[in-house]
$ cat my_file13.txt   # compact mmCIF, C-alpha atoms and all ligand atoms
# COMPACT_ATOMS: atom_id res chain seq x y z
CA LYS A 832 0.00 0.00 0.00
CA PHE A 833 2.81 2.40 0.77
CA ALA A 834 5.04 1.34 -2.11
CA PHE A 835 4.23 4.47 -4.11
CA VAL A 836 5.38 6.88 -1.40
CA GLU A 837 8.37 8.99 -2.36
CA SER A 838 10.63 10.69 0.14
CA ALA A 839 9.74 14.27 0.93
CA PRO A 840 12.53 16.84 0.90
CA PRO A 841 14.27 17.34 4.26
CA ILE A 842 13.49 20.43 6.34
CA GLU A 843 16.65 22.48 5.99
CA VAL A 844 16.91 23.79 9.51
CA PHE A 845 16.43 20.38 11.18
CA ALA A 846 18.76 18.62 8.72
CA LEU A 847 21.38 21.23 9.53
CA ASN A 848 20.91 20.68 13.23
CA LYS A 849 21.39 16.96 12.82
CA ALA A 850 24.56 17.51 10.81
CA TYR A 851 25.83 19.74 13.62
CA LEU A 852 25.03 17.15 16.28
CA ASP A 853 26.75 14.41 14.27
CA ASP A 854 29.90 16.51 13.81
CA THR A 855 32.66 15.50 16.23
CA PHE A 856 34.87 18.58 15.69
CA PRO A 857 35.40 20.14 19.13
CA GLN A 858 35.11 23.76 17.98
CA LYS A 859 31.93 23.24 15.95
CA VAL A 860 29.42 26.09 16.09
CA ASN A 861 25.66 25.94 15.56
CA LEU A 862 24.30 29.12 14.03
CA GLY A 863 21.29 27.33 12.52
CA VAL A 864 18.20 26.62 14.53
CA GLY A 865 16.47 29.61 16.09
CA ALA A 866 16.81 29.06 19.80
CA TYR A 867 18.43 31.19 22.49
CA ARG A 868 21.75 30.12 24.00
CA THR A 869 23.56 31.54 27.00
CA ASP A 870 27.09 32.83 26.78
CA GLU A 871 28.12 29.29 27.77
CA GLY A 872 26.32 28.04 24.66
CA LYS A 873 23.59 26.36 26.73
CA PRO A 874 19.79 26.46 26.37
CA TRP A 875 18.18 28.68 29.01
CA VAL A 876 15.06 27.89 30.99
CA LEU A 877 14.01 31.34 32.21
CA PRO A 878 14.17 31.54 36.03
CA VAL A 879 10.56 32.77 36.22
CA VAL A 880 9.49 29.71 34.22
CA ARG A 881 11.36 27.35 36.57
CA GLN A 882 9.78 29.06 39.53
CA MET A 883 6.29 28.74 38.02
CA GLU A 884 6.87 25.07 37.22
CA GLN A 885 7.84 24.33 40.81
CA GLN A 886 4.82 26.22 42.06
CA LEU A 887 2.45 24.46 39.67
CA ALA A 888 3.90 21.04 40.47
CA ALA A 889 3.31 21.63 44.19
CA ASP A 890 -0.26 22.86 43.72
CA GLU A 891 -2.47 19.85 44.40
CA THR A 892 -5.63 21.71 43.45
CA LEU A 893 -4.54 21.53 39.79
CA ASN A 894 -5.42 18.53 37.67
CA LYS A 895 -5.11 17.19 34.13
CA GLU A 896 -8.69 17.73 32.95
CA TYR A 897 -9.14 19.03 29.39
CA LEU A 898 -8.85 22.73 28.73
CA PRO A 899 -11.70 24.27 26.73
CA VAL A 900 -11.35 23.95 22.93
CA LEU A 901 -10.16 27.55 22.69
CA GLY A 902 -7.70 27.11 25.51
CA PHE A 903 -6.77 28.65 28.84
CA GLU A 904 -8.63 31.94 28.93
CA PRO A 905 -6.19 33.79 31.25
CA LEU A 906 -3.44 33.08 28.71
CA ALA A 907 -5.45 34.08 25.64
CA SER A 908 -6.72 37.34 27.09
CA ALA A 909 -3.32 38.32 28.54
CA ALA A 910 -1.53 37.46 25.30
CA THR A 911 -3.99 39.56 23.31
CA ARG A 912 -3.49 42.45 25.75
CA MET A 913 0.29 42.09 25.53
CA LEU A 914 0.03 42.30 21.75
CA LEU A 915 -2.50 45.09 21.33
CA GLY A 916 -1.64 47.07 24.48
CA SER A 917 -3.99 48.17 27.22
CA ASP A 918 -5.01 51.27 25.24
CA SER A 919 -6.10 49.22 22.25
CA PRO A 920 -9.28 50.60 20.71
CA SER A 921 -10.46 47.15 19.61
CA LEU A 922 -9.92 45.66 23.08
CA LYS A 923 -11.77 48.51 24.73
CA GLU A 924 -14.65 48.12 22.32
CA GLY A 925 -14.80 44.35 22.71
CA ARG A 926 -13.86 43.78 19.05
CA ALA A 927 -10.74 41.71 19.75
CA THR A 928 -10.40 38.18 21.02
CA GLY A 929 -7.66 35.65 21.64
CA ILE A 930 -7.53 31.89 21.24
CA GLN A 931 -4.80 29.68 22.68
CA CYS A 932 -3.05 27.76 19.92
CA LEU A 933 -0.14 25.36 19.53
CA SER A 934 2.65 27.93 19.53
CA GLY A 935 3.13 30.30 16.60
CA THR A 936 2.86 27.59 13.97
CA GLY A 937 -0.43 26.33 15.35
CA ALA A 938 -1.81 29.87 15.50
CA LEU A 939 -0.78 30.46 11.90
CA ARG A 940 -2.42 27.21 10.90
CA VAL A 941 -5.72 27.85 12.70
CA GLY A 942 -5.79 31.42 11.37
CA ALA A 943 -5.04 30.22 7.85
CA GLU A 944 -7.71 27.50 8.00
CA PHE A 945 -10.24 30.02 9.20
CA LEU A 946 -9.39 32.44 6.40
CA ALA A 947 -9.41 29.70 3.75
CA HIS A 948 -12.50 27.77 4.84
CA ILE A 949 -14.68 30.39 6.46
CA GLY A 950 -13.32 33.60 4.94
CA LYS A 951 -12.96 32.06 1.45
CA HIS A 952 -9.56 33.63 0.88
CA THR A 953 -7.46 31.77 -1.67
CA VAL A 954 -4.27 33.78 -2.16
CA VAL A 955 -1.60 34.52 0.42
CA TYR A 956 1.54 36.63 0.05
CA SER A 957 4.56 36.45 2.27
CA SER A 958 7.87 38.23 2.07
CA ASN A 959 10.76 36.97 -0.02
CA PRO A 960 12.56 35.57 1.89
CA THR A 961 10.49 34.49 4.85
CA TRP A 962 10.35 31.85 7.54
CA GLY A 963 10.59 28.52 5.71
CA ASN A 964 7.27 27.19 6.99
CA HIS A 965 4.86 29.90 5.83
CA SER A 966 4.11 28.44 2.42
CA LEU A 967 3.67 24.91 3.78
CA VAL A 968 1.29 26.06 6.52
CA PHE A 969 -0.91 28.17 4.25
CA LEU A 970 -1.05 25.70 1.37
CA SER A 971 -1.81 22.83 3.76
CA ALA A 972 -4.52 24.94 5.39
CA GLY A 973 -6.40 25.27 2.11
CA PHE A 974 -4.98 28.31 0.33
CA SER A 975 -4.63 27.58 -3.39
CA THR A 976 -1.97 30.16 -4.17
CA TYR A 977 1.14 31.18 -2.28
CA LYS A 978 3.03 34.17 -3.60
CA SER A 979 5.93 36.32 -2.47
CA TYR A 980 6.32 40.05 -2.26
CA ARG A 981 9.80 41.47 -2.64
CA TYR A 982 11.45 42.25 0.68
CA TRP A 983 15.22 41.95 0.64
CA ASP A 984 17.55 43.85 -1.60
CA ALA A 985 20.63 41.65 -1.63
CA ALA A 986 22.89 44.27 -3.20
CA LYS A 987 22.01 46.93 -0.64
CA LYS A 988 21.57 44.43 2.19
CA ALA A 989 18.42 46.33 3.09
CA LEU A 990 14.66 46.34 2.68
CA ASP A 991 13.48 46.54 -0.92
CA PHE A 992 10.66 48.89 -0.01
CA ASP A 993 9.82 49.96 -3.56
CA GLY A 994 9.64 46.32 -4.66
CA LEU A 995 7.47 45.46 -1.68
CA MET A 996 5.05 48.28 -2.44
CA GLU A 997 4.86 47.45 -6.11
CA ASP A 998 4.12 43.78 -5.41
CA LEU A 999 1.43 44.61 -2.87
CA ARG A 1000 -0.09 47.12 -5.28
CA ASN A 1001 -0.41 44.32 -7.85
CA ALA A 1002 -1.85 41.77 -5.43
CA PRO A 1003 -5.48 40.85 -6.15
CA ALA A 1004 -8.07 42.22 -3.70
CA ASN A 1005 -8.72 39.93 -0.73
CA SER A 1006 -5.23 38.48 -0.80
CA VAL A 1007 -3.95 37.73 2.67
CA ILE A 1008 -0.71 39.60 3.35
CA LEU A 1009 1.56 37.95 5.90
CA LEU A 1010 3.58 40.52 7.78
CA HIS A 1011 6.27 39.85 10.37
CA ALA A 1012 5.28 41.96 13.36
CA CYS A 1013 8.91 42.63 14.30
CA ALA A 1014 12.39 41.17 13.94
CA HIS A 1015 11.77 39.78 10.46
CA ASN A 1016 12.97 36.20 10.04
CA PRO A 1017 15.41 35.66 8.33
CA THR A 1018 16.59 39.17 7.41
CA GLY A 1019 16.44 41.00 10.76
CA VAL A 1020 15.18 44.05 8.83
CA ASP A 1021 11.82 45.66 9.58
CA PRO A 1022 10.04 48.50 7.81
CA THR A 1023 10.36 51.89 9.50
CA GLN A 1024 7.28 53.42 11.11
CA ASP A 1025 6.80 55.65 8.10
CA GLN A 1026 7.05 52.63 5.79
CA TRP A 1027 4.52 50.73 7.91
CA LYS A 1028 2.11 53.64 7.44
CA GLN A 1029 2.51 53.40 3.68
CA ILE A 1030 2.02 49.63 3.80
CA ALA A 1031 -1.17 50.12 5.83
CA ASP A 1032 -2.44 52.72 3.34
CA LEU A 1033 -1.86 50.34 0.47
CA ILE A 1034 -3.46 47.37 2.22
CA GLU A 1035 -6.50 49.48 2.91
CA GLU A 1036 -6.67 50.95 -0.56
CA ARG A 1037 -6.26 47.60 -2.32
CA GLY A 1038 -8.67 45.66 -0.10
CA LEU A 1039 -5.97 43.27 1.17
CA PHE A 1040 -6.14 41.39 4.47
CA PRO A 1041 -3.30 41.74 7.02
CA PHE A 1042 -2.13 38.66 8.90
CA PHE A 1043 0.66 39.41 11.38
CA ASP A 1044 3.11 36.80 12.52
CA SER A 1045 4.53 37.82 15.90
CA ALA A 1046 7.17 35.33 16.97
CA TYR A 1047 9.66 37.71 18.56
CA GLN A 1048 7.81 40.32 20.64
CA GLY A 1049 10.30 41.65 23.20
CA PHE A 1050 13.14 39.81 21.59
CA ALA A 1051 13.88 42.52 19.04
CA SER A 1052 14.39 45.55 21.25
CA GLY A 1053 13.92 44.12 24.72
CA ASP A 1054 10.76 46.24 24.94
CA LEU A 1055 7.39 44.56 24.46
CA ASP A 1056 5.58 47.76 23.52
CA ARG A 1057 8.12 48.93 21.01
CA ASP A 1058 8.13 45.53 19.30
CA ALA A 1059 4.33 45.61 18.97
CA TRP A 1060 4.28 49.00 17.29
CA ALA A 1061 3.26 47.84 13.81
CA VAL A 1062 0.39 45.64 15.02
CA ARG A 1063 -0.86 48.41 17.30
CA TYR A 1064 -0.67 50.91 14.48
CA PHE A 1065 -2.90 48.73 12.30
CA ASP A 1066 -5.24 48.32 15.26
CA SER A 1067 -5.38 52.09 15.76
CA ARG A 1068 -6.42 52.47 12.13
CA GLY A 1069 -9.38 50.14 12.62
CA PHE A 1070 -8.18 47.29 10.40
CA GLU A 1071 -9.78 43.90 10.56
CA MET A 1072 -6.87 41.48 10.99
CA VAL A 1073 -5.44 38.41 12.66
CA CYS A 1074 -2.16 37.88 14.44
CA ALA A 1075 -0.37 34.67 15.37
CA GLN A 1076 1.73 34.94 18.53
CA SER A 1077 4.43 32.58 19.67
CA PHE A 1078 5.84 32.32 23.18
CA ALA A 1079 8.60 29.98 22.05
CA LYS A 1080 11.36 32.57 21.94
CA ASN A 1081 10.36 35.28 24.38
CA PHE A 1082 9.48 32.76 27.13
CA GLY A 1083 11.98 30.13 26.04
CA LEU A 1084 9.07 27.66 25.92
CA TYR A 1085 9.87 26.16 22.52
CA ASN A 1086 8.63 22.61 23.02
CA GLU A 1087 5.71 23.52 25.26
CA ARG A 1088 3.91 24.96 22.24
CA VAL A 1089 2.37 28.07 23.77
CA GLY A 1090 0.76 30.45 21.32
CA ASN A 1091 -2.22 32.63 20.74
CA LEU A 1092 -4.27 33.74 17.78
CA THR A 1093 -5.74 37.21 18.03
CA PHE A 1094 -8.68 38.37 15.94
CA VAL A 1095 -9.45 42.03 15.58
CA ALA A 1096 -12.84 42.74 14.01
CA LYS A 1097 -14.56 45.93 13.01
CA ASP A 1098 -17.75 44.95 14.79
CA ARG A 1099 -17.96 43.23 18.17
CA ALA A 1100 -21.00 41.29 16.99
CA VAL A 1101 -18.80 39.03 14.86
CA ILE A 1102 -16.61 37.90 17.76
CA GLU A 1103 -18.99 35.20 18.94
CA PRO A 1104 -19.54 33.70 15.46
CA VAL A 1105 -15.78 33.76 14.80
CA ARG A 1106 -15.09 31.97 18.08
CA SER A 1107 -17.74 29.37 17.37
CA GLN A 1108 -16.30 28.64 13.91
CA ILE A 1109 -12.78 28.37 15.30
CA THR A 1110 -14.13 25.99 17.93
CA LEU A 1111 -15.16 23.58 15.17
CA LEU A 1112 -11.87 23.96 13.28
CA VAL A 1113 -9.87 23.19 16.41
CA ARG A 1114 -12.23 20.41 17.49
CA ALA A 1115 -11.65 18.65 14.16
CA ASN A 1116 -7.93 19.16 14.41
CA TYR A 1117 -6.53 18.57 17.91
CA SER A 1118 -9.70 19.13 19.98
CA ASN A 1119 -8.06 21.19 22.70
CA PRO A 1120 -4.62 22.56 23.51
CA PRO A 1121 -2.13 21.53 26.22
CA ASN A 1122 -2.18 23.16 29.62
CA HIS A 1123 1.34 23.21 31.06
CA GLY A 1124 2.99 26.07 29.17
CA ALA A 1125 -0.25 28.01 28.87
CA ARG A 1126 -0.64 28.07 32.63
CA ILE A 1127 2.94 29.30 33.04
CA VAL A 1128 2.60 32.15 30.55
CA GLY A 1129 -0.97 32.94 31.63
CA THR A 1130 0.04 33.16 35.28
CA VAL A 1131 3.12 35.29 34.62
CA LEU A 1132 1.31 37.73 32.33
CA ASN A 1133 -1.51 38.19 34.84
CA ASN A 1134 0.84 38.96 37.72
CA PRO A 1135 2.65 42.34 37.54
CA ALA A 1136 5.60 41.27 39.72
CA LEU A 1137 6.20 38.09 37.70
CA THR A 1138 5.78 40.05 34.47
CA GLU A 1139 8.51 42.45 35.57
CA GLN A 1140 10.77 39.52 36.35
CA TRP A 1141 10.09 38.08 32.89
CA LYS A 1142 10.79 41.42 31.21
CA GLY A 1143 14.18 41.35 32.90
CA HIS A 1144 14.86 37.95 31.30
CA ILE A 1145 13.85 39.24 27.86
CA LYS A 1146 16.20 42.16 28.33
CA THR A 1147 19.03 39.77 29.26
CA MET A 1148 18.47 37.82 26.04
CA ALA A 1149 18.03 40.88 23.80
CA ASP A 1150 21.12 42.57 25.27
CA ARG A 1151 23.29 39.52 24.80
CA ILE A 1152 22.24 39.29 21.17
CA ILE A 1153 22.95 42.97 20.60
CA SER A 1154 26.40 42.63 22.18
CA MET A 1155 27.18 39.67 19.88
CA ARG A 1156 26.12 41.80 16.90
CA HIS A 1157 28.59 44.50 17.91
CA GLY A 1158 31.28 41.94 18.64
CA LEU A 1159 31.01 40.27 15.26
CA ARG A 1160 30.89 43.51 13.30
CA GLU A 1161 33.86 44.92 15.19
CA ARG A 1162 36.00 41.87 14.54
CA LEU A 1163 35.20 41.73 10.82
CA GLU A 1164 35.88 45.44 10.39
CA LYS A 1165 39.13 45.18 12.33
CA MET A 1166 40.34 42.41 10.04
CA GLU A 1167 39.16 44.49 7.08
CA THR A 1168 37.11 41.59 5.82
CA PRO A 1169 35.96 42.59 2.32
CA GLY A 1170 32.43 44.00 2.19
CA THR A 1171 30.43 46.14 4.58
CA TRP A 1172 29.32 44.80 7.94
CA ASN A 1173 27.15 47.56 9.35
CA HIS A 1174 24.06 45.47 8.52
CA ILE A 1175 24.99 43.11 11.35
CA THR A 1176 24.31 45.80 13.94
CA ASP A 1177 21.54 47.47 11.93
CA GLN A 1178 19.52 44.26 11.84
CA ILE A 1179 17.43 43.34 14.84
CA GLY A 1180 16.14 40.25 16.58
CA MET A 1181 17.55 36.79 16.76
CA PHE A 1182 18.90 36.51 13.23
CA SER A 1183 21.35 38.20 10.99
CA PHE A 1184 21.20 37.89 7.25
CA THR A 1185 24.93 37.99 6.70
CA GLY A 1186 24.97 38.41 2.94
CA LEU A 1187 27.33 35.41 2.72
CA GLY A 1188 26.76 33.57 -0.56
CA PRO A 1189 26.17 29.83 -1.00
CA LEU A 1190 29.84 29.12 -1.64
CA ALA A 1191 30.95 30.86 1.53
CA VAL A 1192 28.20 29.06 3.48
CA ASP A 1193 29.30 25.68 2.11
CA LYS A 1194 32.88 26.37 3.09
CA LEU A 1195 31.94 27.49 6.58
CA ILE A 1196 30.09 24.22 7.09
CA ALA A 1197 32.46 21.84 5.33
CA GLU A 1198 35.82 23.32 6.29
CA HIS A 1199 35.14 25.14 9.53
CA HIS A 1200 32.26 23.21 11.13
CA ILE A 1201 30.19 26.39 11.44
CA TYR A 1202 26.57 25.55 10.65
CA LEU A 1203 24.28 28.16 9.10
CA LEU A 1204 21.37 28.20 6.65
CA LYS A 1205 22.05 28.24 2.91
CA GLY A 1206 20.58 31.72 2.57
CA GLY A 1207 23.30 33.07 4.85
CA ARG A 1208 21.13 33.50 7.93
CA ILE A 1209 22.86 33.10 11.27
CA ASN A 1210 21.30 32.78 14.69
CA MET A 1211 23.08 35.47 16.70
CA CYS A 1212 22.45 33.48 19.90
CA GLY A 1213 24.77 30.77 18.61
CA LEU A 1214 27.63 33.21 19.11
CA ASN A 1215 29.26 33.67 22.50
CA THR A 1216 32.45 35.07 23.95
CA GLY A 1217 34.02 31.62 23.61
CA ASN A 1218 33.45 31.19 19.84
CA ILE A 1219 33.05 34.67 18.34
CA ASP A 1220 36.77 35.03 17.50
CA TYR A 1221 36.75 31.68 15.73
CA VAL A 1222 33.58 32.50 13.78
CA ALA A 1223 34.83 35.95 12.74
CA LYS A 1224 38.18 34.48 11.65
CA CYS A 1225 36.47 31.79 9.58
CA ILE A 1226 34.07 34.26 7.94
CA HIS A 1227 37.10 36.37 7.06
CA GLU A 1228 38.81 33.34 5.59
CA VAL A 1229 35.91 32.19 3.42
CA VAL A 1230 35.29 35.69 2.14
CA THR A 1231 38.93 36.30 1.25
CA THR A 1232 39.83 32.92 -0.26
N1 LIG B 1301 6.91 32.61 12.64
C1 LIG B 1301 8.20 32.92 12.53
C2 LIG B 1301 8.58 34.07 11.70
C3 LIG B 1301 9.15 32.16 13.21
O1 LIG B 1301 10.43 32.49 13.08
C4 LIG B 1301 8.74 31.08 14.01
C5 LIG B 1301 9.74 30.27 14.78
N2 LIG B 1301 10.83 29.84 14.13
C6 LIG B 1301 7.37 30.81 14.09
C7 LIG B 1301 6.49 31.59 13.40
C8 LIG B 1301 6.74 29.71 14.88
O2 LIG B 1301 7.43 29.10 15.83
P1 LIG B 1301 6.73 28.20 16.93
O3 LIG B 1301 5.70 27.38 16.26
O4 LIG B 1301 7.82 27.41 17.51
O5 LIG B 1301 6.11 29.15 17.89
$ encode --input "my_file13.txt" --output "structure tokens"
Amino acid sequence: KFAFVESAPPIEVFALNKAYLDDTFPQKVNLGVGAYRTDEGKPWVLPVVRQMEQQLAADETLNKEYLPVLGFEPLASAATRMLLGSDSPSLKEGRATGIQCLSGTGALRVGAEFLAHIGKHTVVYSSNPTWGNHSLVFLSAGFSTYKSYRYWDAAKKALDFDGLMEDLRNAPANSVILLHACAHNPTGVDPTQDQWKQIADLIEERGLFPFFDSAYQGFASGDLDRDAWAVRYFDSRGFEMVCAQSFAKNFGLYNERVGNLTFVAKDRAVIEPVRSQITLLVRANYSNPPNHGARIVGTVLNNPALTEQWKGHIKTMADRIISMRHGLRERLEKMETPGTWNHITDQIGMFSFTGLGPLAVDKLIAEHHIYLLKGGRINMCGLNTGNIDYVAKCIHEVVTT
């Protein structure tokens, strides 16, 4: 029965990770998968998360009964508030709602299924390049057409804003436009506030539908409000939109799959029908979400003292990334490595789009045991004071030979 099945292509980022793990070279460096590492190169369970886990484990009033289909309400409402801000017009008017989902990917998937099946949208646009999973999620969810809008100008190592605007201008009405809320993956380049305003104008004028993907709130600048600026701006303009939120990076809860899907509607009367439709979509899919991570995030976000503690952790992570950006740029400039390296500190968030070509990337992997994605994206968290000299030296070498 299964004889006809052909192998599917590997997922680049996981294949790369496996190659790294299999490599026995002592100085090997993993700049691939998007996860935070401490300066010792270790994964970090945030202290506030550990503390919550101990507290939850000791609480014998808690049990393992199912959560509601739409999840743990204290998480969903707090996540929506964290995204839209407490001054949000849609929140105040009861036109916004949140639904717990299986991390960012699950929120994207539920949002995409809703838009495809209930909203009858068929075309989605994401940036070129974008996170490698967007096309798979939207096509699997029922969209018939996945297209790209221009985003990255490789020559200038900057946003191709004119290209972006032209592509959005030519998108058919009703197309869903995926927008990275902040800290664009993989480029680390976001539109400026003025550019966001122009994007919003165009989306409005052309009858397009904005779908934000917020996987790095707080991680970009260390400031939750600043990182939510674009989403809040769209909210302030009265757009109808959805936003997928992930707590993988900013809470370090990768495998706990904590996420939220926020709907902002023009009219509060549609919130109940939307929630009831999502209930059926989720029921047919995984029935209800897991509790553990949701309770952690939900409890922290609903407690001001714990929230402050968490913000301190985000700042620790964001600051370490920023210091690695400066460190790498400084070293390359000191060695006079050919090219310009200001983009490393100009870019924000977890990733840097180095501008290294496929040949240089191949050499870094094969000759120097430094693992990075083919497109030249590096996870800044993979750098630390122990390996940054080695990485800079090897980049210099592959660029100059
Ligand atoms: N969107 C973007 C842009 C991402 O980078 C990621 C994480 N790599 C996600 C969504 C979803 O991640 P997760 O499902 O782990 O929350």
$ residues_near_ligand --input "my_file13.txt" --ligand "ligand LIG 1301 (chain B)" --cutoff "8 Å" --atoms "all atoms listed in the file" --output "ChimeraX atom specification"
/A:865,933-939,961-962,964-965,1011,1015-1017,1044-1047,1075-1080,1085-1086,1088-1090
$ residues_around --input "my_file13.txt" --residues "Ala1125 (chain A)" --least-positions-apart "2" --cutoff "12 Å" --atoms "only C-alpha atoms" --output "ChimeraX atom specification"
/A:880,883-884,887,898,901-910,930-934,1077-1079,1082,1084,1086-1091,1120-1123,1127-1133
$ closest_residue --input "my_file13.txt" --among "A:Ala1014, A:Leu893, A:Pro857, A:Phe1065" --to "Gln1048 (chain A)" --atoms "all atoms listed in the file"
A:Ala1014
$ residues_around --input "my_file13.txt" --residues "Arg1037 (chain A)" --least-positions-apart "6" --cutoff "12 Å" --atoms "only C-alpha atoms" --output "PDB file with C-alpha atoms, in the frame of the given file"
ATOM      1  CA  MET A 996       5.050  48.280  -2.440  1.00  0.00           C
ATOM      2  CA  GLU A 997       4.860  47.450  -6.110  1.00  0.00           C
ATOM      3  CA  ASP A 998       4.120  43.780  -5.410  1.00  0.00           C
ATOM      4  CA  LEU A 999       1.430  44.610  -2.870  1.00  0.00           C
ATOM      5  CA  ARG A1000      -0.090  47.120  -5.280  1.00  0.00           C
ATOM      6  CA  ASN A1001      -0.410  44.320  -7.850  1.00  0.00           C
ATOM      7  CA  ALA A1002      -1.850  41.770  -5.430  1.00  0.00           C
ATOM      8  CA  PRO A1003      -5.480  40.850  -6.150  1.00  0.00           C
ATOM      9  CA  ALA A1004      -8.070  42.220  -3.700  1.00  0.00           C
ATOM     10  CA  ASN A1005      -8.720  39.930  -0.730  1.00  0.00           C
ATOM     11  CA  SER A1006      -5.230  38.480  -0.800  1.00  0.00           C
ATOM     12  CA  VAL A1007      -3.950  37.730   2.670  1.00  0.00           C
ATOM     13  CA  ILE A1008      -0.710  39.600   3.350  1.00  0.00           C
ATOM     14  CA  ILE A1030       2.020  49.630   3.800  1.00  0.00           C
ATOM     15  CA  ALA A1031      -1.170  50.120   5.830  1.00  0.00           C
TER      16      ALA A1031
END
$ residues_around --input "my_file13.txt" --residues "region 1209-1222 of chain A" --least-positions-apart "5" --cutoff "6 Å" --atoms "only C-alpha atoms" --output "MDAnalysis selection string"
chainID A and resid 861:863 865 867:868 870 1152 1181:1183 1203
$ closest_residue --input "my_file13.txt" --among "A:Arg940, A:His1227, A:Lys951, A:Lys988" --to "Ala972 (chain A)" --atoms "all atoms listed in the file"
A:Arg940
$ residues_around --input "my_file13.txt" --residues "His952 (chain A)" --least-positions-apart "2" --cutoff "12 Å" --atoms "all atoms listed in the file" --output "MDAnalysis selection string"
chainID A and resid 942:950 954:956 969:970 972:977 1003:1008 1039:1041
$ closest_residue --input "my_file13.txt" --among "A:Lys1194, A:Arg1208, A:Lys987, A:Arg1114" --to "Gly1019 (chain A)" --atoms "only C-alpha atoms"
A:Arg1208
$ residues_around --input "my_file13.txt" --residues "Val1192 (chain A)" --least-positions-apart "6" --cutoff "8 Å" --atoms "all atoms listed in the file" --output "list in words"
Leu1203, Leu1204, Lys1205 and Gly1207 of chain A
$ write_last_selection --input "my_file13.txt" --atoms "C-alpha atoms" --output "PDB file, in the frame of the given file"
ATOM      1  CA  LEU A1203      24.280  28.160   9.100  1.00  0.00           C
ATOM      2  CA  LEU A1204      21.370  28.200   6.650  1.00  0.00           C
ATOM      3  CA  LYS A1205      22.050  28.240   2.910  1.00  0.00           C
ATOM      4  CA  GLY A1207      23.300  33.070   4.850  1.00  0.00           C
TER       5      GLY A1207
END
$ atom_distance --input "my_file13.txt" --atom1 "CA of Glu837 (chain A)" --atom2 "CA of Val968 (chain A)"
20.5 Å
$ closest_residue --input "my_file13.txt" --among "A:Glu1071, A:Asp890, A:Asp854, A:Asp1056" --to "Leu915 (chain A)" --atoms "only C-alpha atoms"
A:Asp1056
$ closest_residue --input "my_file13.txt" --among "A:Val844, A:Tyr982, A:Ile1226, A:Ser917" --to "His1200 (chain A)" --atoms "only C-alpha atoms"
A:Ile1226
$ atom_distance --input "my_file13.txt" --atom1 "CA of Lys873 (chain A)" --atom2 "CA of His1174 (chain A)"
26.4 Å
$ atom_distance --input "my_file13.txt" --atom1 "CA of Gly1038 (chain A)" --atom2 "CA of Ser957 (chain A)"
16.3 Å
$ residues_near_point --input "my_file13.txt" --point "(14.0, 41.7, 20.6)" --cutoff "8 Å" --atoms "only C-alpha atoms" --output "list in words"
Ala1014, Tyr1047, Gln1048, Gly1049, Phe1050, Ala1051, Ser1052, Gly1053, Asp1054, Asp1058, Ile1145, Ala1149, Ile1179, Gly1180 and Met1181 of chain A
$ write_last_selection --input "my_file13.txt" --atoms "C-alpha atoms" --output "mmCIF file, in the coordinates of the input"
data_model
loop_
_atom_site.group_PDB
_atom_site.id
_atom_site.type_symbol
_atom_site.label_atom_id
_atom_site.label_comp_id
_atom_site.auth_asym_id
_atom_site.auth_seq_id
_atom_site.Cartn_x
_atom_site.Cartn_y
_atom_site.Cartn_z
ATOM 1 C CA ALA A 1014 12.390 41.170 13.940
ATOM 2 C CA TYR A 1047 9.660 37.710 18.560
ATOM 3 C CA GLN A 1048 7.810 40.320 20.640
ATOM 4 C CA GLY A 1049 10.300 41.650 23.200
ATOM 5 C CA PHE A 1050 13.140 39.810 21.590
ATOM 6 C CA ALA A 1051 13.880 42.520 19.040
ATOM 7 C CA SER A 1052 14.390 45.550 21.250
ATOM 8 C CA GLY A 1053 13.920 44.120 24.720
ATOM 9 C CA ASP A 1054 10.760 46.240 24.940
ATOM 10 C CA ASP A 1058 8.130 45.530 19.300
ATOM 11 C CA ILE A 1145 13.850 39.240 27.860
ATOM 12 C CA ALA A 1149 18.030 40.880 23.800
ATOM 13 C CA ILE A 1179 17.430 43.340 14.840
ATOM 14 C CA GLY A 1180 16.140 40.250 16.580
ATOM 15 C CA MET A 1181 17.550 36.790 16.760
#
$ closest_residue --input "my_file13.txt" --among "A:Glu924, A:Arg1057, A:Lys978, A:Leu967" --to "Ile842 (chain A)" --atoms "all atoms listed in the file"
A:Leu967
